[in-house]
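Q: Have a peek at protein20.cif (mmCIF, C-alpha atoms).
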```cif
data_data
loop_
_atom_site.label_atom_id
_atom_site.label_comp_id
_atom_site.auth_asym_id
_atom_site.auth_seq_id
_atom_site.Cartn_x
_atom_site.Cartn_y
_atom_site.Cartn_z
CA MET A 1 100.51 119.61 107.36
CA TRP A 2 99.83 122.96 109.00
CA GLY A 3 98.42 121.19 112.09
CA ALA A 4 101.54 119.03 112.30
CA VAL A 5 103.73 122.13 112.15
CA ALA A 6 101.82 123.73 115.04
CA ILE A 7 101.90 120.59 117.23
CA THR A 8 105.57 119.93 116.54
CA TYR A 9 106.47 123.48 117.46
CA LYS A 10 104.43 123.36 120.66
CA LEU A 11 105.77 120.00 121.86
CA ALA A 12 109.32 119.84 120.50
CA CYS A 13 110.60 123.40 120.42
CA PRO A 14 112.12 124.60 123.71
CA LEU A 15 111.21 128.18 122.85
CA ALA A 16 107.53 127.28 123.01
CA GLN A 17 107.91 126.23 126.66
CA GLN A 18 109.31 129.60 127.79
CA ASP A 19 107.21 132.43 129.21
CA GLY A 20 109.42 135.35 128.21
CA MET A 21 108.23 138.18 125.97
CA GLY A 22 110.51 137.11 123.12
CA ALA A 23 109.27 133.51 123.27
CA ARG A 24 105.66 134.70 123.22
CA VAL A 25 106.29 136.89 120.16
CA VAL A 26 107.90 133.97 118.31
CA SER A 27 105.04 131.62 119.27
CA SER A 28 102.48 134.17 118.12
CA ALA A 29 104.30 134.55 114.80
CA VAL A 30 104.40 130.77 114.31
CA PHE A 31 100.70 130.32 115.00
CA PHE A 32 99.84 133.34 112.85
CA ALA A 33 101.76 131.75 109.98
CA VAL A 34 99.94 128.45 110.57
CA GLY A 35 96.55 130.20 110.55
CA THR A 36 97.44 132.12 107.38
CA GLY A 37 98.50 128.91 105.69
CA LEU A 38 95.23 127.23 106.62
CA MET A 39 93.19 130.16 105.26
CA VAL A 40 95.14 130.18 101.98
CA HIS A 41 94.62 126.43 101.64
CA VAL A 42 90.87 126.72 102.26
CA HIS A 43 90.65 129.63 99.80
CA ARG A 44 92.39 127.65 97.06
CA THR A 45 90.18 124.63 97.73
CA LEU A 46 87.02 126.71 97.45
CA LEU A 47 88.23 128.31 94.21
CA ARG A 48 88.99 124.89 92.76
CA GLU A 49 85.54 123.61 93.70
CA LEU A 50 83.93 126.76 92.26
CA ARG A 51 85.73 126.20 88.96
CA GLN A 52 84.48 122.61 88.90
CA VAL A 53 80.91 123.72 89.62
CA ARG A 54 81.10 126.27 86.80
CA GLU A 55 82.40 123.63 84.42
CA VAL A 56 79.49 121.35 85.32
CA ALA A 57 77.03 124.25 84.95
CA GLY A 58 78.53 125.11 81.57
CA ALA A 59 78.17 121.51 80.43
CA ALA A 60 74.53 121.47 81.58
CA GLN A 61 73.94 124.76 79.79
CA ASN A 62 75.31 123.40 76.53
CA VAL A 63 73.12 120.29 76.82
CA LEU A 64 69.92 122.19 77.54
CA LEU A 65 70.43 125.37 75.52
CA ARG A 66 72.99 124.31 72.99
CA PRO A 67 74.93 127.13 71.32
CA LEU A 68 73.19 127.91 68.05
CA PRO A 69 75.16 127.78 64.81
CA PRO A 70 75.65 131.17 63.17
CA VAL A 71 73.70 130.10 60.06
CA VAL A 72 70.95 127.52 59.51
CA GLU A 73 69.63 126.99 55.98
CA GLY A 74 70.50 130.55 54.98
CA LEU A 75 69.13 132.12 58.18
CA ALA A 76 71.64 134.03 60.31
CA LEU A 77 71.05 133.30 64.01
CA ALA A 78 71.97 134.69 67.41
CA ALA A 79 70.52 134.17 70.87
CA GLY A 80 71.04 135.69 74.30
CA ARG A 81 69.54 135.51 77.76
CA VAL A 82 69.74 137.16 81.16
CA SER A 83 68.81 135.05 84.19
CA ALA A 84 66.92 136.48 87.14
CA SER A 85 68.86 134.13 89.44
CA TRP A 86 72.25 135.71 90.14
CA GLY A 87 75.08 133.60 88.76
CA ALA A 88 72.74 131.10 87.08
CA CYS A 89 73.64 129.76 83.64
CA VAL A 90 70.21 128.37 82.82
CA GLY A 91 66.84 129.80 83.81
CA GLY A 92 63.27 129.16 82.76
CA ASP A 93 63.57 130.36 79.16
CA LEU A 94 64.08 127.92 76.29
CA TYR A 95 64.74 128.14 72.57
CA GLU A 96 65.97 125.95 69.74
CA VAL A 97 66.29 126.12 65.95
CA ALA A 98 66.22 122.92 63.88
CA ALA A 99 66.69 122.43 60.13
CA THR A 100 64.24 119.66 59.19
CA ASP A 101 62.74 118.12 56.07
CA HIS A 102 59.65 120.23 56.77
CA GLY A 103 61.50 123.54 56.92
CA VAL A 104 63.40 125.40 59.61
CA ARG A 105 61.49 124.98 62.85
CA VAL A 106 61.88 127.25 65.85
CA VAL A 107 60.65 126.96 69.42
CA MET A 108 60.63 129.74 72.00
CA GLY A 109 59.22 129.13 75.46
CA ASP A 110 59.05 130.40 79.01
CA VAL A 111 58.62 128.13 82.04
CA ARG A 112 56.76 129.54 85.01
CA GLY A 113 59.38 130.57 87.55
CA HIS A 114 63.14 130.60 87.13
CA GLY A 115 66.31 129.12 88.57
CA LEU A 116 66.96 125.48 89.38
CA GLY A 117 63.29 124.54 89.70
CA ALA A 118 62.64 125.35 86.04
CA ILE A 119 65.57 123.45 84.55
CA GLY A 120 63.85 120.05 84.56
CA THR A 121 60.83 121.46 82.75
CA VAL A 122 63.08 123.16 80.19
CA ALA A 123 64.84 119.82 79.57
CA ALA A 124 61.53 117.97 79.09
CA VAL A 125 60.11 120.48 76.59
CA LEU A 126 63.33 120.92 74.61
CA GLY A 127 64.00 117.19 74.47
CA SER A 128 60.54 116.57 73.05
CA PHE A 129 60.88 119.36 70.49
CA ARG A 130 64.24 118.10 69.22
CA GLU A 131 62.63 114.79 68.30
CA ALA A 132 59.16 115.92 67.23
CA ALA A 133 60.44 118.74 64.99
CA HIS A 134 62.06 116.14 62.72
CA ASP A 135 59.44 113.40 63.06
CA GLU A 136 56.16 115.26 62.60
CA PRO A 137 55.20 116.89 59.29
CA GLU A 138 52.44 119.01 60.89
CA LEU A 139 53.27 121.84 63.28
CA PRO A 140 50.20 121.24 65.52
CA VAL A 141 51.31 117.64 66.10
CA VAL A 142 54.68 118.95 67.30
CA MET A 143 52.83 121.11 69.85
CA ARG A 144 50.76 118.12 70.91
CA ARG A 145 53.97 116.16 71.54
CA LEU A 146 55.30 118.98 73.70
CA GLU A 147 52.08 119.00 75.71
CA ARG A 148 52.32 115.27 76.39
CA ALA A 149 56.00 115.49 77.35
CA LEU A 150 55.26 118.35 79.75
CA GLY A 151 52.38 116.44 81.32
CA ARG A 152 54.54 113.37 81.94
CA HIS A 153 57.31 115.47 83.45
CA LEU A 154 54.99 117.35 85.80
CA ARG A 155 53.27 114.16 86.98
CA GLU A 156 56.60 112.46 87.66
CA ARG A 157 57.92 115.51 89.51
CA ALA A 158 54.78 115.88 91.62
CA HIS A 159 54.93 112.19 92.56
CA ALA A 160 58.62 112.48 93.48
CA GLU A 161 58.06 115.58 95.60
CA GLN A 162 54.85 114.33 97.27
CA PRO A 163 55.00 110.51 97.17
CA ALA A 164 52.66 110.02 100.14
CA SER A 165 50.08 112.65 99.21
CA GLY A 166 46.86 111.95 97.46
CA ARG A 167 46.07 112.56 93.82
CA ALA A 168 44.20 115.76 94.66
CA ALA A 169 47.31 117.30 96.20
CA GLN A 170 49.39 116.33 93.19
CA ASP A 171 46.79 117.75 90.80
CA GLY A 172 46.86 120.99 92.80
CA ALA A 173 50.62 121.24 92.44
CA LEU A 174 50.40 120.50 88.71
CA ALA A 175 47.77 123.20 88.21
CA GLU A 176 50.32 125.85 89.20
CA GLU A 177 52.83 124.84 86.53
CA PHE A 178 52.67 126.01 82.93
CA VAL A 179 54.89 126.83 79.95
CA THR A 180 54.26 129.36 77.20
CA VAL A 181 55.40 127.99 73.83
CA LEU A 182 55.67 129.50 70.36
CA LEU A 183 56.36 127.21 67.41
CA LEU A 184 57.42 128.66 64.05
CA GLU A 185 58.08 127.00 60.72
CA ILE A 186 60.00 128.87 58.02
CA GLY A 187 59.70 127.40 54.54
CA GLU A 188 62.22 127.57 51.72
CA ASP A 189 60.41 130.59 50.28
CA GLY A 190 60.29 132.28 53.69
CA GLU A 191 56.67 131.38 54.40
CA LEU A 192 55.97 131.66 58.14
CA LEU A 193 53.60 129.31 59.96
CA ALA A 194 52.99 129.61 63.70
CA VAL A 195 51.26 127.79 66.55
CA ASN A 196 51.21 129.88 69.70
CA CYS A 197 50.32 128.73 73.22
CA GLY A 198 50.38 131.81 75.44
CA HIS A 199 53.69 133.26 74.25
CA PRO A 200 54.37 136.87 73.12
CA TRP A 201 54.36 137.28 69.36
CA PRO A 202 57.75 137.98 67.73
CA TYR A 203 58.66 141.28 66.13
CA LEU A 204 59.35 141.57 62.41
CA LEU A 205 61.98 144.18 61.60
CA LYS A 206 61.69 146.07 58.32
CA GLN A 207 61.99 149.84 58.50
CA ARG A 208 60.68 149.49 62.04
CA ALA A 209 59.65 146.75 64.44
CA ARG A 210 56.08 145.49 64.33
CA PRO A 211 54.40 142.42 65.86
CA LEU A 212 54.34 139.43 63.53
CA ALA A 213 50.65 138.82 64.30
CA ASP A 214 47.90 140.14 66.53
CA ALA A 215 45.82 136.97 66.89
CA GLU A 216 44.93 135.78 70.38
CA PRO A 217 47.18 132.84 71.31
CA LEU A 218 46.00 129.58 72.85
CA PRO A 219 46.39 129.08 76.64
CA PRO A 220 49.88 128.06 77.84
CA LEU A 221 50.71 124.38 78.06
CA GLY A 222 49.85 122.87 81.41
CA LEU A 223 46.96 125.14 82.37
CA PHE A 224 44.28 123.42 80.30
CA PRO A 225 44.27 120.57 77.76
CA LEU A 226 44.79 121.78 74.21
CA PRO A 227 41.62 121.96 72.09
CA GLU A 228 40.90 119.26 69.57
CA VAL A 229 41.57 121.67 66.71
CA LEU A 230 44.84 123.61 66.85
CA PRO A 231 44.94 126.75 64.70
CA VAL A 232 47.98 127.31 62.49
CA LEU A 233 48.54 130.95 61.67
CA ARG A 234 49.99 132.03 58.34
CA CYS A 235 52.16 135.08 59.03
CA GLY A 236 53.26 135.98 55.49
CA ARG A 237 56.90 135.61 54.48
CA LEU A 238 60.27 136.43 55.96
CA LEU A 239 61.81 138.05 52.89
CA PRO A 240 65.57 138.27 52.21
CA GLY A 241 67.12 140.94 54.42
CA GLU A 242 64.26 140.92 56.94
CA THR A 243 64.78 140.03 60.61
CA LEU A 244 62.56 138.21 63.07
CA VAL A 245 63.04 138.73 66.83
CA LEU A 246 61.57 136.23 69.29
CA HIS A 247 61.54 137.07 72.99
CA THR A 248 60.19 136.04 76.36
CA ASP A 249 57.96 138.26 78.47
CA GLY A 250 60.86 139.07 80.80
CA MET A 251 62.03 141.55 78.17
CA GLU A 252 58.87 143.65 78.12
CA ASP A 253 58.09 143.18 81.83
CA ALA A 254 61.38 144.72 83.02
CA ARG A 255 60.71 147.98 84.87
CA ASP A 256 62.76 150.99 85.81
CA ALA A 257 62.77 152.75 89.19
CA ALA A 258 59.58 154.63 88.27
CA GLY A 259 57.76 151.40 87.35
CA GLU A 260 57.84 152.00 83.59
CA PHE A 261 58.04 148.90 81.40
CA PHE A 262 60.95 148.43 79.01
CA PRO A 263 59.93 149.65 75.51
CA LEU A 264 61.17 146.61 73.59
CA GLN A 265 59.52 147.55 70.29
CA ALA A 266 61.12 151.00 70.32
CA ALA A 267 64.51 149.54 71.28
CA LEU A 268 64.33 147.05 68.40
CA THR A 269 63.36 149.78 65.96
CA GLU A 270 66.29 151.93 67.09
CA ALA A 271 68.78 149.05 66.95
CA ALA A 272 67.61 148.04 63.47
CA ARG A 273 68.35 151.52 62.08
CA VAL A 274 72.09 150.82 62.27
CA PRO A 275 73.19 149.69 58.77
CA SER A 276 74.25 146.04 58.42
CA THR A 277 73.39 145.16 61.99
CA SER A 278 74.19 141.51 62.63
CA PRO A 279 71.87 139.41 64.83
CA GLN A 280 74.46 139.35 67.63
CA ASP A 281 75.00 143.13 67.45
CA LEU A 282 71.24 143.59 67.64
CA ILE A 283 71.04 141.45 70.77
CA ASP A 284 73.95 143.27 72.40
CA ALA A 285 72.36 146.66 71.73
CA VAL A 286 68.95 145.64 73.08
CA TYR A 287 70.40 144.07 76.24
CA ALA A 288 72.46 147.20 76.87
CA ASP A 289 69.26 149.26 76.64
CA LEU A 290 67.46 146.80 78.93
CA LEU A 291 70.09 146.98 81.66
CA ARG A 292 70.24 150.77 81.43
CA HIS A 293 66.46 150.93 81.73
CA ALA A 294 66.19 148.54 84.69
CA GLY A 295 69.39 149.71 86.38
CA ARG A 296 69.99 146.11 87.52
CA SER A 297 69.33 142.55 86.43
CA PRO A 298 65.67 142.00 85.51
CA SER A 299 63.30 140.32 87.98
CA ASP A 300 62.47 137.61 85.45
CA ASP A 301 64.51 135.63 82.95
CA ALA A 302 64.77 137.51 79.65
CA ALA A 303 65.74 135.80 76.39
CA LEU A 304 66.09 136.96 72.78
CA LEU A 305 66.38 134.93 69.58
CA VAL A 306 67.12 136.74 66.33
CA LEU A 307 66.79 135.26 62.83
CA ARG A 308 67.75 137.20 59.69
CA ASN A 309 66.95 135.90 56.23
CA ASP A 310 70.25 135.94 54.35
CA ARG A 311 68.99 133.74 51.52
CA LYS A 312 69.51 135.00 48.01
CA ASN A 313 66.47 136.41 46.28
CA ASP A 314 66.88 134.71 42.90
CA ARG A 315 63.36 135.33 41.71
CA GLU A 316 60.60 137.85 42.17
CA GLU A 317 58.54 137.03 45.23
CA ALA A 318 54.89 136.36 44.52
CA PRO A 319 52.13 136.63 47.16
CA LEU A 320 50.91 133.38 48.66
CA PRO A 321 47.73 132.36 46.80
CA GLN A 322 46.30 130.09 49.50
CA GLN A 323 45.78 132.42 52.45
CA GLU A 324 46.08 136.03 53.41
CA PRO A 325 48.87 136.73 55.95
CA GLY A 326 47.61 136.39 59.49
CA ARG A 327 44.71 134.09 58.59
CA ARG A 328 44.25 130.96 60.64
CA ILE A 329 44.29 127.43 59.29
CA THR A 330 42.55 124.93 61.53
CA ARG A 331 42.71 121.16 61.44
CA PRO A 332 41.97 118.42 63.96
CA VAL A 333 45.09 116.91 65.52
CA SER A 334 45.10 113.63 67.38
#
```
What's the structure tokens form of this structure?
A:
Amino acid sequence: MWGAVAITYKLACPLAQQDGMGARVVSSAVFFAVGTGLMVHVHRTLLRELRQVREVAGAAQNVLLRPLPPVVEGLALAAGRVSASWGACVGGDLYEVAATDHGVRVVMGDVRGHGLGAIGTVAAVLGSFREAAHDEPELPVVMRRLERALGRHLRERAHAEQPASGRAAQDGALAEEFVTVLLLEIGEDGELLAVNCGHPWPYLLKQRARPLADAEPLPPLGLFPLPEVLPVLRCGRLLPGETLVLHTDGMEDARDAAGEFFPLQAALTEAARVPSTSPQDLIDAVYADLLRHAGRSPSDDAALLVLRNDRKNDREEAPLPQQEPGRRITRPVS
């Protein structure tokens, strides 16, 4: 339309054929208006396309990292994340909480890298967890399912990216990919079981924040095959009123201008001192501290998942007779 206006003026308007100063001023004004109209049209088109892209990204975000319900089986939940890729909705961090017949099961993971390249791996691991968490009664078998799903995804991706290369080249590409994964199971009485493959241990908030366990985790998924026997760690109980904070290493690896790491444990302890702090308020306070410390967005994706036991304590809690907290249980898993 704007092009037609310009051509019509140039060919049909007698004023456009004159060489006087007044005619030149009018012609300049007409073509300036045409150029302005074209720029406004392009601007509106780009904004419309940007809105569509954000809608698609939001839909992808909700499929991969679905918004968590505020309460699952008496556990109050909240989650948050900061992506290292500017403007990205989904990075390399993953989490999910599922109420199953075997208890409330939680996964927290961190894919090597961030941005678009990590999204496919996040989808493969989360998709496997959402099925295995309900199907498998044993937590180590759930981890084994995640390992197989990750292996299939990496092989398919390497073949798609290097279809003509040999197997050695594909194996070399696969060797660089890994995912840290923490699986938790919370029983009806608050009993905590964990299988950890290379992921940071959560923090348990009572009067202060302390690591849930100090046992050495297994290697991350993808680096080496899992051992035949997967240890399950008993981590005591999450008692009514207590809070568990899961995180990815991007939280503790964030540095300030002087190169000092973010003191996550101290920040959690300080945030937990506020009376009646909700999981979401806790996340907001910690992220505010993180951004103040780093002075910018972190260099790695940083995710938090907070669970608070809001179940009623109807009876006196007795210590678990089978194992001491923090002791491993080992069993072969096929």
Q: Using all atoms listed in the file, which of A:Pro211, A:Pro202, A:Gly295, A:Pro275 sits nearest Leu184 in chain A?
A: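 Among A:Pro211, A:Pro202, A:Gly295, A:Pro275, it is A:Pro202 that comes nearest to Leu184 in chain A.
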Q: Which polymer residues have any atom within 8 Å of an atom of range 131-144 of chain A, counting only C-alpha atoms, with same-chain residues fewer than 3 positions away left out, as an MDAnalysis selection string?
A: chainID A and resid 98 100:102 105 127:128 147:148 183 185 194:195 226 230:232 333:334
Q: Taking the file as shown, find all residues satisfying the PyMOL selection byres ((chain A and resi 73-83) around 6) and write them as a PDB file with C-alpha atoms, keeping the file's coordinate frame.
A:
```pdb
ATOM      1  CA  PRO A  70      75.650 131.170  63.170  1.00  0.00           C
ATOM      2  CA  VAL A  71      73.700 130.100  60.060  1.00  0.00           C
ATOM      3  CA  VAL A  72      70.950 127.520  59.510  1.00  0.00           C
ATOM      4  CA  ALA A  84      66.920 136.480  87.140  1.00  0.00           C
ATOM      5  CA  SER A  85      68.860 134.130  89.440  1.00  0.00           C
ATOM      6  CA  GLY A  91      66.840 129.800  83.810  1.00  0.00           C
ATOM      7  CA  PRO A 279      71.870 139.410  64.830  1.00  0.00           C
ATOM      8  CA  GLN A 280      74.460 139.350  67.630  1.00  0.00           C
ATOM      9  CA  ASP A 301      64.510 135.630  82.950  1.00  0.00           C
ATOM     10  CA  ALA A 302      64.770 137.510  79.650  1.00  0.00           C
ATOM     11  CA  ALA A 303      65.740 135.800  76.390  1.00  0.00           C
ATOM     12  CA  LEU A 304      66.090 136.960  72.780  1.00  0.00           C
ATOM     13  CA  LEU A 305      66.380 134.930  69.580  1.00  0.00           C
ATOM     14  CA  VAL A 306      67.120 136.740  66.330  1.00  0.00           C
ATOM     15  CA  LEU A 307      66.790 135.260  62.830  1.00  0.00           C
ATOM     16  CA  ARG A 308      67.750 137.200  59.690  1.00  0.00           C
ATOM     17  CA  ASN A 309      66.950 135.900  56.230  1.00  0.00           C
ATOM     18  CA  ASP A 310      70.250 135.940  54.350  1.00  0.00           C
ATOM     19  CA  ARG A 311      68.990 133.740  51.520  1.00  0.00           C
TER      20      ARG A 311
END
```
Q: For CA of Gly151 in chain A and CA of Thr248 in chain A, determine how far apart the two atoms are, in Å to one decimal place.
A: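 These two atoms are separated by 21.7 Å.
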Q: So which one's closest to Ala215 in chain A, A:Leu233, A:Leu38, A:Val181, A:Ile119? Using all atoms listed in the file, please.
A: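 Closest candidate: A:Leu233.
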Q: Running the PyMOL selection byres ((chain A and resi 242) around 7) on this model by hand, what would come out? Give it as a list in words.
A: Leu205, Lys206, Leu238, Leu239, Pro240, Gly241, Thr243, Leu244, Arg308 and Asn309 of chain A
Q: Looking at all atoms listed in the file, which of A:Ala123, A:Ala257, A:Leu182, A:Leu94 is the one that sits closest to Ala149 in chain A?
A: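 Closest candidate: A:Ala123.
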Q: Just so the selection is clear, what residues does the PyMOL selection byres ((chain A and resi 292) around 12) cover here, as a list in words?
A: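 Evaluating the PyMOL selection byres ((chain A and resi 292) around 12) on these coordinates yields Ala254, Arg255, Asp256, Ala257, Phe262, Pro263, Ala267, Ala285, Val286, Tyr287, Ala288, Asp289, Leu290, Leu291, His293, Ala294, Gly295, Arg296, Ser297 and Pro298 of chain A.
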Q: What does the distance from CA of Gln207 in chain A to CA of Glu188 in chain A come to in Å, to one decimal?
A: 23.3 Å
Q: So how far away is CA of Gly198 in chain A from CA of Thr269 in chain A, in Å?
A: 24.1 Å
